[in-house]
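What follows is the content of query30.cif (mmCIF, C-alpha atoms and all ligand atoms).
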```cif
data_start
loop_
_atom_site.label_atom_id
_atom_site.label_comp_id
_atom_site.auth_asym_id
_atom_site.auth_seq_id
_atom_site.Cartn_x
_atom_site.Cartn_y
_atom_site.Cartn_z
CA MET A 537 66.94 -41.70 -132.11
CA LYS A 538 66.72 -43.35 -135.51
CA ILE A 539 64.43 -46.31 -136.17
CA ASP A 540 64.72 -48.32 -139.38
CA ILE A 541 61.84 -50.73 -139.88
CA LEU A 542 62.35 -53.50 -142.46
CA THR A 543 59.16 -54.83 -143.95
CA LEU A 544 57.55 -56.39 -147.03
CA PHE A 545 54.54 -54.07 -146.59
CA PRO A 546 55.75 -50.46 -146.28
CA GLY A 547 52.28 -49.04 -146.98
CA MET A 548 51.09 -50.28 -143.59
CA PHE A 549 53.18 -47.57 -141.91
CA ASP A 550 51.66 -44.53 -143.66
CA GLY A 551 49.13 -43.81 -140.93
CA PHE A 552 51.59 -44.58 -138.16
CA LYS A 553 54.10 -41.98 -139.35
CA ASN A 554 51.60 -39.34 -140.36
CA GLU A 555 49.29 -38.96 -137.39
CA SER A 556 49.27 -37.58 -133.85
CA ILE A 557 52.26 -37.71 -131.49
CA ILE A 558 54.51 -39.79 -133.75
CA LYS A 559 54.05 -37.29 -136.58
CA ARG A 560 54.94 -34.43 -134.23
CA ALA A 561 57.97 -36.31 -132.85
CA ILE A 562 59.26 -36.70 -136.40
CA GLU A 563 58.61 -33.02 -137.17
CA LYS A 564 60.40 -31.98 -133.96
CA LYS A 565 63.32 -34.23 -135.03
CA LYS A 566 63.08 -36.26 -131.83
CA VAL A 567 63.01 -39.39 -133.96
CA GLU A 568 63.74 -40.36 -137.56
CA ILE A 569 61.73 -43.31 -138.85
CA ASN A 570 62.68 -45.00 -142.12
CA ILE A 571 60.50 -47.69 -143.60
CA ILE A 572 62.67 -49.98 -145.68
CA ASP A 573 61.13 -52.25 -148.28
CA ILE A 574 62.89 -55.60 -148.07
CA ARG A 575 61.91 -56.29 -151.70
CA ASP A 576 64.30 -53.55 -152.83
CA TYR A 577 67.17 -55.72 -151.61
CA THR A 578 66.41 -59.05 -153.24
CA PRO A 579 68.86 -60.44 -155.77
CA TYR A 580 66.10 -62.65 -157.23
CA LYS A 581 64.00 -62.10 -160.33
CA ASN A 582 60.49 -60.64 -160.05
CA ASN A 583 61.24 -59.18 -156.60
CA GLN A 584 61.04 -62.63 -155.02
CA VAL A 585 61.54 -62.53 -151.26
CA ASP A 586 59.99 -65.80 -150.07
CA ASP A 587 59.89 -69.44 -151.05
CA TYR A 588 58.61 -72.88 -150.01
CA GLN A 589 60.23 -74.58 -147.05
CA PHE A 590 62.66 -77.46 -147.35
CA GLY A 591 61.25 -80.66 -145.92
CA GLY A 592 57.68 -79.83 -146.89
CA GLY A 593 54.99 -77.94 -145.05
CA GLY A 594 52.65 -75.08 -145.81
CA GLY A 595 53.35 -71.38 -146.02
CA MET A 596 56.03 -69.23 -147.56
CA ILE A 597 59.31 -68.55 -145.79
CA MET A 598 61.17 -65.22 -145.93
CA MET A 599 64.52 -65.77 -147.65
CA CYS A 600 67.93 -64.85 -146.24
CA GLU A 601 69.46 -62.66 -148.94
CA PRO A 602 66.88 -59.84 -149.09
CA VAL A 603 66.79 -59.49 -145.28
CA PHE A 604 70.57 -59.69 -144.78
CA ASN A 605 71.13 -57.18 -147.63
CA ALA A 606 68.53 -54.78 -146.22
CA VAL A 607 70.04 -54.96 -142.73
CA ASN A 608 73.59 -54.48 -144.04
CA SER A 609 72.49 -51.39 -145.95
CA VAL A 610 71.51 -49.57 -142.72
CA LYS A 611 73.55 -51.22 -139.96
CA THR A 612 76.22 -49.19 -138.11
CA LYS A 613 78.19 -49.75 -134.92
CA ASP A 614 75.35 -48.05 -132.98
CA SER A 615 72.60 -50.33 -134.28
CA HIS A 616 70.51 -52.57 -132.04
CA ILE A 617 68.74 -55.18 -134.15
CA ILE A 618 65.35 -56.50 -133.08
CA ILE A 619 63.41 -59.28 -134.78
CA MET A 620 59.67 -59.28 -134.16
CA SER A 621 58.90 -62.87 -133.31
CA PRO A 622 56.61 -64.98 -131.13
CA ARG A 623 59.78 -66.62 -129.78
CA GLY A 624 60.95 -63.36 -128.12
CA LYS A 625 60.36 -62.23 -124.55
CA THR A 626 57.06 -60.41 -124.17
CA PHE A 627 57.34 -56.66 -124.56
CA ASN A 628 56.60 -54.45 -121.56
CA GLN A 629 57.12 -50.92 -120.25
CA SER A 630 60.57 -51.56 -118.79
CA LYS A 631 61.73 -52.92 -122.17
CA ALA A 632 60.35 -49.75 -123.81
CA LEU A 633 62.38 -47.64 -121.38
CA GLU A 634 65.49 -49.76 -121.97
CA LEU A 635 65.18 -49.31 -125.76
CA THR A 636 65.22 -45.50 -125.41
CA GLY A 637 68.91 -45.96 -124.53
CA TYR A 638 69.84 -46.91 -128.11
CA LYS A 639 70.71 -44.39 -130.82
CA HIS A 640 69.61 -46.66 -133.64
CA LEU A 641 67.02 -49.43 -133.67
CA ILE A 642 66.62 -51.75 -136.65
CA ILE A 643 63.34 -53.66 -136.43
CA ILE A 644 62.76 -56.60 -138.75
CA CYS A 645 59.15 -57.59 -139.47
CA GLY A 646 58.35 -61.15 -140.47
CA HIS A 647 55.39 -62.15 -142.62
CA TYR A 648 53.80 -65.31 -144.04
CA GLU A 649 55.16 -68.43 -142.27
CA GLY A 650 58.10 -66.49 -140.80
CA PHE A 651 61.86 -66.29 -141.31
CA ASP A 652 64.42 -68.72 -142.64
CA GLU A 653 66.04 -69.75 -139.34
CA ARG A 654 69.41 -68.26 -140.39
CA ILE A 655 67.91 -64.76 -140.32
CA TYR A 656 67.75 -64.99 -136.52
CA THR A 657 71.58 -64.75 -136.42
CA LEU A 658 71.14 -61.06 -137.28
CA ALA A 659 69.23 -60.28 -134.10
CA ASP A 660 70.52 -58.70 -130.91
CA GLU A 661 67.17 -59.73 -129.49
CA CYS A 662 63.75 -61.03 -130.48
CA ILE A 663 60.64 -59.37 -129.08
CA SER A 664 57.12 -60.75 -128.93
CA ILE A 665 54.07 -58.67 -128.13
CA GLY A 666 52.15 -61.54 -126.57
CA ASN A 667 51.12 -65.16 -126.84
CA PHE A 668 49.13 -64.91 -130.06
CA ILE A 669 50.01 -65.00 -133.75
CA LEU A 670 49.54 -62.06 -136.09
CA THR A 671 49.86 -62.13 -139.87
CA GLY A 672 53.05 -60.07 -139.70
CA GLY A 673 55.53 -58.15 -137.56
CA GLU A 674 54.31 -54.77 -138.86
CA LEU A 675 51.77 -54.07 -136.10
CA PRO A 676 54.16 -55.32 -133.39
CA SER A 677 56.94 -53.07 -134.74
CA MET A 678 54.58 -50.07 -134.65
CA MET A 679 53.55 -50.94 -131.10
CA ILE A 680 57.07 -51.06 -129.75
CA SER A 681 58.17 -47.98 -131.73
CA ASP A 682 55.20 -46.05 -130.36
CA ALA A 683 55.90 -47.11 -126.78
CA VAL A 684 59.57 -46.14 -127.13
CA ILE A 685 59.10 -42.84 -128.99
CA ARG A 686 56.65 -41.38 -126.46
CA LEU A 687 59.31 -41.91 -123.75
CA ILE A 688 61.97 -39.90 -125.61
CA ASP A 689 62.69 -36.59 -123.87
CA GLY A 690 60.53 -33.79 -125.23
CA VAL A 691 58.05 -35.94 -127.19
CA ILE A 692 55.26 -35.56 -124.66
CA THR A 693 55.14 -33.42 -121.53
CA ASP A 694 56.96 -35.05 -118.62
CA THR A 695 53.98 -34.64 -116.28
CA SER A 696 51.91 -36.93 -118.52
CA LEU A 697 54.51 -39.67 -118.00
CA GLU A 698 54.89 -39.21 -114.24
CA TYR A 699 52.03 -41.38 -113.01
CA GLU A 700 51.49 -43.68 -115.94
CA SER A 701 50.35 -47.24 -115.57
CA PHE A 702 53.18 -49.76 -115.03
CA ASN A 703 55.80 -47.20 -113.94
CA ASP A 704 55.71 -48.68 -110.45
CA ASN A 705 53.42 -51.71 -110.82
CA LEU A 706 50.35 -49.55 -110.29
CA LEU A 707 47.79 -48.49 -112.88
CA ASP A 708 47.06 -44.83 -113.57
CA TYR A 709 44.50 -42.92 -111.46
CA PRO A 710 41.05 -42.12 -112.91
CA VAL A 711 40.70 -38.81 -114.74
CA TYR A 712 37.72 -36.60 -115.55
CA THR A 713 36.97 -33.58 -117.72
CA LYS A 714 33.90 -31.39 -118.45
CA PRO A 715 31.01 -31.64 -117.75
CA ARG A 716 31.03 -31.92 -113.94
CA GLU A 717 27.86 -34.01 -114.10
CA TYR A 718 26.95 -36.42 -116.89
CA ASN A 719 23.77 -38.54 -116.73
CA GLY A 720 23.85 -38.34 -112.92
CA MET A 721 27.54 -39.32 -112.72
CA MET A 722 29.54 -36.71 -110.83
CA VAL A 723 33.20 -35.72 -110.89
CA PRO A 724 34.57 -36.44 -107.37
CA ASP A 725 34.40 -33.27 -105.23
CA VAL A 726 38.04 -33.52 -104.18
CA LEU A 727 39.17 -32.83 -107.77
CA LEU A 728 37.30 -29.53 -107.72
CA SER A 729 38.51 -28.53 -104.22
CA GLY A 730 41.74 -26.83 -105.28
CA ASP A 731 43.48 -28.63 -102.37
CA HIS A 732 46.52 -30.14 -104.09
CA LYS A 733 47.61 -32.23 -101.11
CA LYS A 734 44.18 -33.88 -100.89
CA ILE A 735 44.05 -34.39 -104.66
CA LYS A 736 47.45 -36.12 -104.55
CA GLU A 737 46.32 -38.39 -101.68
CA TYR A 738 43.07 -39.20 -103.47
CA ARG A 739 44.89 -40.12 -106.68
CA GLU A 740 47.43 -42.30 -104.86
CA SER A 741 44.66 -44.24 -103.14
CA GLU A 742 42.69 -44.54 -106.38
CA ARG A 743 45.75 -45.98 -108.16
CA LYS A 744 45.87 -48.73 -105.54
CA ARG A 745 42.12 -49.33 -105.67
CA ILE A 746 42.03 -49.57 -109.47
CA THR A 747 45.06 -51.85 -109.57
CA ARG A 748 43.49 -54.14 -106.94
CA GLU A 749 40.20 -54.17 -108.86
CA TYR A 750 41.50 -54.61 -112.43
CA ARG A 751 45.03 -56.00 -112.26
CA SER A 752 45.65 -57.51 -108.84
CA ASP A 753 48.37 -59.66 -110.50
CA LEU A 754 50.55 -56.51 -110.63
CA LEU A 755 50.57 -56.25 -106.84
CA LYS A 756 52.09 -59.70 -106.31
C1 LIG B 1 52.29 -65.61 -139.12
S1 LIG B 1 53.67 -65.12 -138.19
C2 LIG B 1 54.67 -66.57 -138.22
C3 LIG B 1 54.41 -67.42 -137.04
C4 LIG B 1 55.33 -68.64 -136.96
N1 LIG B 1 55.03 -69.60 -137.97
C5 LIG B 1 55.14 -69.26 -135.59
O1 LIG B 1 54.25 -70.09 -135.42
O2 LIG B 1 55.86 -68.87 -134.67
C6 LIG B 1 54.52 -64.04 -139.27
C7 LIG B 1 55.35 -62.98 -138.55
O3 LIG B 1 54.52 -62.16 -137.77
C8 LIG B 1 55.25 -61.63 -136.68
N2 LIG B 1 54.50 -61.96 -135.46
C9 LIG B 1 53.39 -62.71 -135.36
N3 LIG B 1 52.95 -62.77 -134.10
C10 LIG B 1 53.79 -62.04 -133.36
C11 LIG B 1 53.89 -61.72 -131.98
N4 LIG B 1 53.02 -62.19 -131.09
N5 LIG B 1 54.90 -60.90 -131.57
C12 LIG B 1 55.79 -60.42 -132.46
N6 LIG B 1 55.76 -60.70 -133.77
C13 LIG B 1 54.79 -61.49 -134.22
C14 LIG B 1 56.63 -62.25 -136.73
O4 LIG B 1 57.52 -61.32 -137.34
C15 LIG B 1 56.41 -63.47 -137.59
O5 LIG B 1 57.59 -63.86 -138.26
#
```

Representation of the structure as structure tokens:
Amino acid sequence: MKIDILTLFPGMFDGFKNESIIKRAIEKKKVEINIIDIRDYTPYKNNQVDDYQFGGGGGMIMMCEPVFNAVNSVKTKDSHIIIMSPRGKTFNQSKALELTGYKHLIIICGHYEGFDERIYTLADECISIGNFILTGGELPSMMISDAVIRLIDGVITDTSLEYESFNDNLLDYPVYTKPREYNGMMVPDVLLSGDHKKIKEYRESERKRITREYRSDLLK
């Protein structure tokens, strides 16, 4: 999969691309991530990419030409274009899975007061990450890229994905590692029993218990 992220702040992605699982996915060529600086595509003097809004009102608006030019420079027939926007449907795990089906994602990050309305005509879809406003689409674009990339075959071991939260409206089961006892808190005996059938049953029932306790809305 290839992901092109269009942004006014490319430096924000340095850590994202150069750490942990995403770094390894890039090295293993499971994903190619290009961070595209929208400023490189402006036809205006002094790298201008935003301006005041017609009709009055505060905040700077991202202009059409730089964004359209940047998109046109990377768009192919395989591209699926996403605009990060509070007006989109809220992102979730099934959307992450759906997005793994595309060969090429183009993700456009807004900033300041948002986009000139005409920029929305570029989008195959808008995605929001929740009912709150961030300063820009950079963090949302990293969030959805991360959620998608870890689902690509071979990025992380399949067994880690098998029982993850939200796969089937249940949260994940509780996990423990060394030491067996910490400050009087014990690892449940069943996990040390070596009885795989019992461990499986225990984990299934714990998934239900934890979902009931923390996210009973998922069970409705
Ligand atoms: C400060 S916001 C603009 C908010 C806009 N004036 C509004 O009220 O809807 C700047 C940019 O951040 C991104 N953004 C902010 N909150 C977001 C969210 N919850 N989900 C996705 N993108 C978001 C979008 O790309 C947006 O264009």

Distance filter 7 Å around ligand LIG 1 (chain B), atoms: all atoms listed in the file, out as a PyMOL selection string: chain A and resi 619-623+645-651+663-673+676

Atom-to-atom span, CA of Val726 (chain A) and CA of Arg739 (chain A), Å: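 Straight-line distance from CA of Val726 (chain A) to CA of Arg739 (chain A) works out to 9.8 Å.
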
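Once region 691-704 of chain A and its same-chain neighbours fewer than 6 positions away are set aside, Ala561, Lys566 and Gln629 of chain A remain within 7 Å of it when counting only C-alpha atoms.
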
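The space separating CA of Leu706 (chain A) from CA of Tyr718 (chain A) comes to 27.6 Å.
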
Proximity to Arg751 (chain A) - best of A:Glu634, A:Asp614, A:Asp708, A:Glu568, all atoms listed in the file: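 With all atoms listed in the file as the atom set, the closest residue is A:Asp708.
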
Sphere at (69.9, -60.5, -142.1), radius 9 Å, counting all atoms listed in the file: residues as a list in words: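 Those residues lying close to the given coordinates are Cys600, Glu601, Pro602, Val603, Phe604, Asn605, Ala606, Val607, Asn608, Ile644, Arg654, Ile655, Tyr656, Thr657, Leu658 and Ala659 of chain A.
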
Quick one: residues within 7 Å of Leu542 (chain A), all atoms listed in the file counted, chain neighbours fewer than 2 positions away excluded, as a list of chain:residue names?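 Listed by chain and then number, they are A:Asp540, A:Ile571, A:Ile572, A:Asp573, A:Ile574, A:Ile643, A:Ile644, A:Cys645.
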
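Interatomic distance, CA of Cys662 (chain A) to CA of Thr626 (chain A): 9.2 Å.
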
Hey, can I get the axis-aligned box for region 728-739 of chain A? All listed atoms, 8 Å padding on each side, centre and edge lengths in Å to one decimal, as lines of an AutoDock Vina configuration file.
```
center_x = 42.5
center_y = -33.5
center_z = -104.3
size_x = 26.3
size_y = 29.3
size_z = 22.8
```

Which residues, written as a ChimeraX atom specification, have at least one atom at most 9 Å from Asp652 (chain A), with all atoms listed in the file counted and residues fewer than 5 positions away on the same chain left out? /A:589,597-600

Selection file, C-alpha atoms, as a PDB file, in the coordinates of the input:
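Here's the written file selection.pdb:
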```pdb
ATOM      1  CA  GLN A 589      60.230 -74.580-147.050  1.00  0.00           C
ATOM      2  CA  ILE A 597      59.310 -68.550-145.790  1.00  0.00           C
ATOM      3  CA  MET A 598      61.170 -65.220-145.930  1.00  0.00           C
ATOM      4  CA  MET A 599      64.520 -65.770-147.650  1.00  0.00           C
ATOM      5  CA  CYS A 600      67.930 -64.850-146.240  1.00  0.00           C
TER       6      CYS A 600
END
```

Determine, counting all atoms listed in the file, which protein, DNA and RNA residues have an atom within 8 Å of an atom of Val723 (chain A); residues of the same chain fewer than 5 positions away are not included. Present the result as a PyMOL selection string. chain A and resi 712+716-717

Just the residues within 10 Å of Lys564 (chain A), please, counting all atoms listed in the file, with nothing from its chain fewer than 5 positions along; format it as a list in words.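 Listed by chain and then number, they are Ile558, Lys559, Gly690 and Val691 of chain A.
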
Which is closer to Tyr638 (chain A) than all the others in A:Arg686, A:Lys538, A:Lys756, A:Arg743, using only C-alpha atoms?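 Among the listed residues, the smallest separation from Tyr638 (chain A) belongs to A:Lys538.
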
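Proximity of A:Ile618, A:Met537, A:Met678, A:Ile685 to Phe549 (chain A), computed with all atoms listed in the file, is greatest for A:Met678.
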
Any chance you could build region 538-565 of chain A out to N, CA and C atoms and write it as an mmCIF file, keeping the file's coordinate frame?
```cif
data_model
loop_
_atom_site.group_PDB
_atom_site.id
_atom_site.type_symbol
_atom_site.label_atom_id
_atom_site.label_comp_id
_atom_site.auth_asym_id
_atom_site.auth_seq_id
_atom_site.Cartn_x
_atom_site.Cartn_y
_atom_site.Cartn_z
ATOM 1 N N LYS A 538 67.141 -42.962 -134.163
ATOM 2 C CA LYS A 538 66.720 -43.350 -135.510
ATOM 3 C C LYS A 538 66.145 -44.768 -135.445
ATOM 4 N N ILE A 539 65.024 -44.971 -136.118
ATOM 5 C CA ILE A 539 64.430 -46.310 -136.170
ATOM 6 C C ILE A 539 64.257 -46.701 -137.635
ATOM 7 N N ASP A 540 64.918 -47.774 -138.034
ATOM 8 C CA ASP A 540 64.720 -48.320 -139.380
ATOM 9 C C ASP A 540 63.870 -49.574 -139.255
ATOM 10 N N ILE A 541 62.738 -49.574 -139.949
ATOM 11 C CA ILE A 541 61.840 -50.730 -139.880
ATOM 12 C C ILE A 541 61.878 -51.441 -141.232
ATOM 13 N N LEU A 542 62.237 -52.715 -141.229
ATOM 14 C CA LEU A 542 62.350 -53.500 -142.460
ATOM 15 C C LEU A 542 61.098 -54.346 -142.634
ATOM 16 N N THR A 543 60.466 -54.199 -143.758
ATOM 17 C CA THR A 543 59.160 -54.830 -143.950
ATOM 18 C C THR A 543 58.922 -55.183 -145.416
ATOM 19 N N LEU A 544 58.012 -56.112 -145.661
ATOM 20 C CA LEU A 544 57.550 -56.390 -147.030
ATOM 21 C C LEU A 544 56.326 -55.542 -147.368
ATOM 22 N N PHE A 545 55.779 -54.836 -146.379
ATOM 23 C CA PHE A 545 54.540 -54.070 -146.590
ATOM 24 C C PHE A 545 54.671 -52.636 -146.080
ATOM 25 N N PRO A 546 55.494 -51.822 -146.760
ATOM 26 C CA PRO A 546 55.750 -50.460 -146.280
ATOM 27 C C PRO A 546 54.502 -49.596 -146.166
ATOM 28 N N GLY A 547 53.501 -49.860 -146.999
ATOM 29 C CA GLY A 547 52.280 -49.040 -146.980
ATOM 30 C C GLY A 547 51.566 -49.086 -145.646
ATOM 31 N N MET A 548 51.778 -50.165 -144.879
ATOM 32 C CA MET A 548 51.090 -50.280 -143.590
ATOM 33 C C MET A 548 51.513 -49.193 -142.607
ATOM 34 N N PHE A 549 52.650 -48.534 -142.873
ATOM 35 C CA PHE A 549 53.180 -47.570 -141.910
ATOM 36 C C PHE A 549 52.760 -46.134 -142.191
ATOM 37 N N ASP A 550 52.003 -45.912 -143.285
ATOM 38 C CA ASP A 550 51.660 -44.530 -143.660
ATOM 39 C C ASP A 550 50.925 -43.818 -142.532
ATOM 40 N N GLY A 551 49.893 -44.437 -142.009
ATOM 41 C CA GLY A 551 49.130 -43.810 -140.930
ATOM 42 C C GLY A 551 49.963 -43.630 -139.681
ATOM 43 N N PHE A 552 50.760 -44.621 -139.378
ATOM 44 C CA PHE A 552 51.590 -44.580 -138.160
ATOM 45 C C PHE A 552 52.498 -43.354 -138.143
ATOM 46 N N LYS A 553 53.133 -43.082 -139.293
ATOM 47 C CA LYS A 553 54.100 -41.980 -139.350
ATOM 48 C C LYS A 553 53.437 -40.612 -139.503
ATOM 49 N N ASN A 554 52.196 -40.609 -139.952
ATOM 50 C CA ASN A 554 51.600 -39.340 -140.360
ATOM 51 C C ASN A 554 50.462 -38.842 -139.493
ATOM 52 N N GLU A 555 50.359 -39.384 -138.289
ATOM 53 C CA GLU A 555 49.290 -38.960 -137.390
ATOM 54 C C GLU A 555 49.833 -38.685 -135.985
ATOM 55 N N SER A 556 49.158 -37.743 -135.303
ATOM 56 C CA SER A 556 49.270 -37.580 -133.850
ATOM 57 C C SER A 556 50.702 -37.367 -133.346
ATOM 58 N N ILE A 557 51.005 -37.988 -132.221
ATOM 59 C CA ILE A 557 52.260 -37.710 -131.490
ATOM 60 C C ILE A 557 53.478 -38.184 -132.270
ATOM 61 N N ILE A 558 53.352 -39.286 -132.983
ATOM 62 C CA ILE A 558 54.510 -39.790 -133.750
ATOM 63 C C ILE A 558 54.848 -38.802 -134.868
ATOM 64 N N LYS A 559 53.823 -38.294 -135.524
ATOM 65 C CA LYS A 559 54.050 -37.290 -136.580
ATOM 66 C C LYS A 559 54.795 -36.075 -136.004
ATOM 67 N N ARG A 560 54.313 -35.619 -134.834
ATOM 68 C CA ARG A 560 54.940 -34.430 -134.230
ATOM 69 C C ARG A 560 56.373 -34.730 -133.783
ATOM 70 N N ALA A 561 56.605 -35.941 -133.273
ATOM 71 C CA ALA A 561 57.970 -36.310 -132.850
ATOM 72 C C ALA A 561 58.922 -36.292 -134.043
ATOM 73 N N ILE A 562 58.427 -36.717 -135.188
ATOM 74 C CA ILE A 562 59.260 -36.700 -136.400
ATOM 75 C C ILE A 562 59.519 -35.240 -136.815
ATOM 76 N N GLU A 563 58.452 -34.431 -136.779
ATOM 77 C CA GLU A 563 58.610 -33.020 -137.170
ATOM 78 C C GLU A 563 59.583 -32.286 -136.237
ATOM 79 N N LYS A 564 59.508 -32.640 -134.935
ATOM 80 C CA LYS A 564 60.400 -31.980 -133.960
ATOM 81 C C LYS A 564 61.811 -32.574 -133.983
ATOM 82 N N LYS A 565 62.025 -33.554 -134.882
ATOM 83 C CA LYS A 565 63.320 -34.230 -135.030
ATOM 84 C C LYS A 565 63.759 -34.969 -133.759
#
```
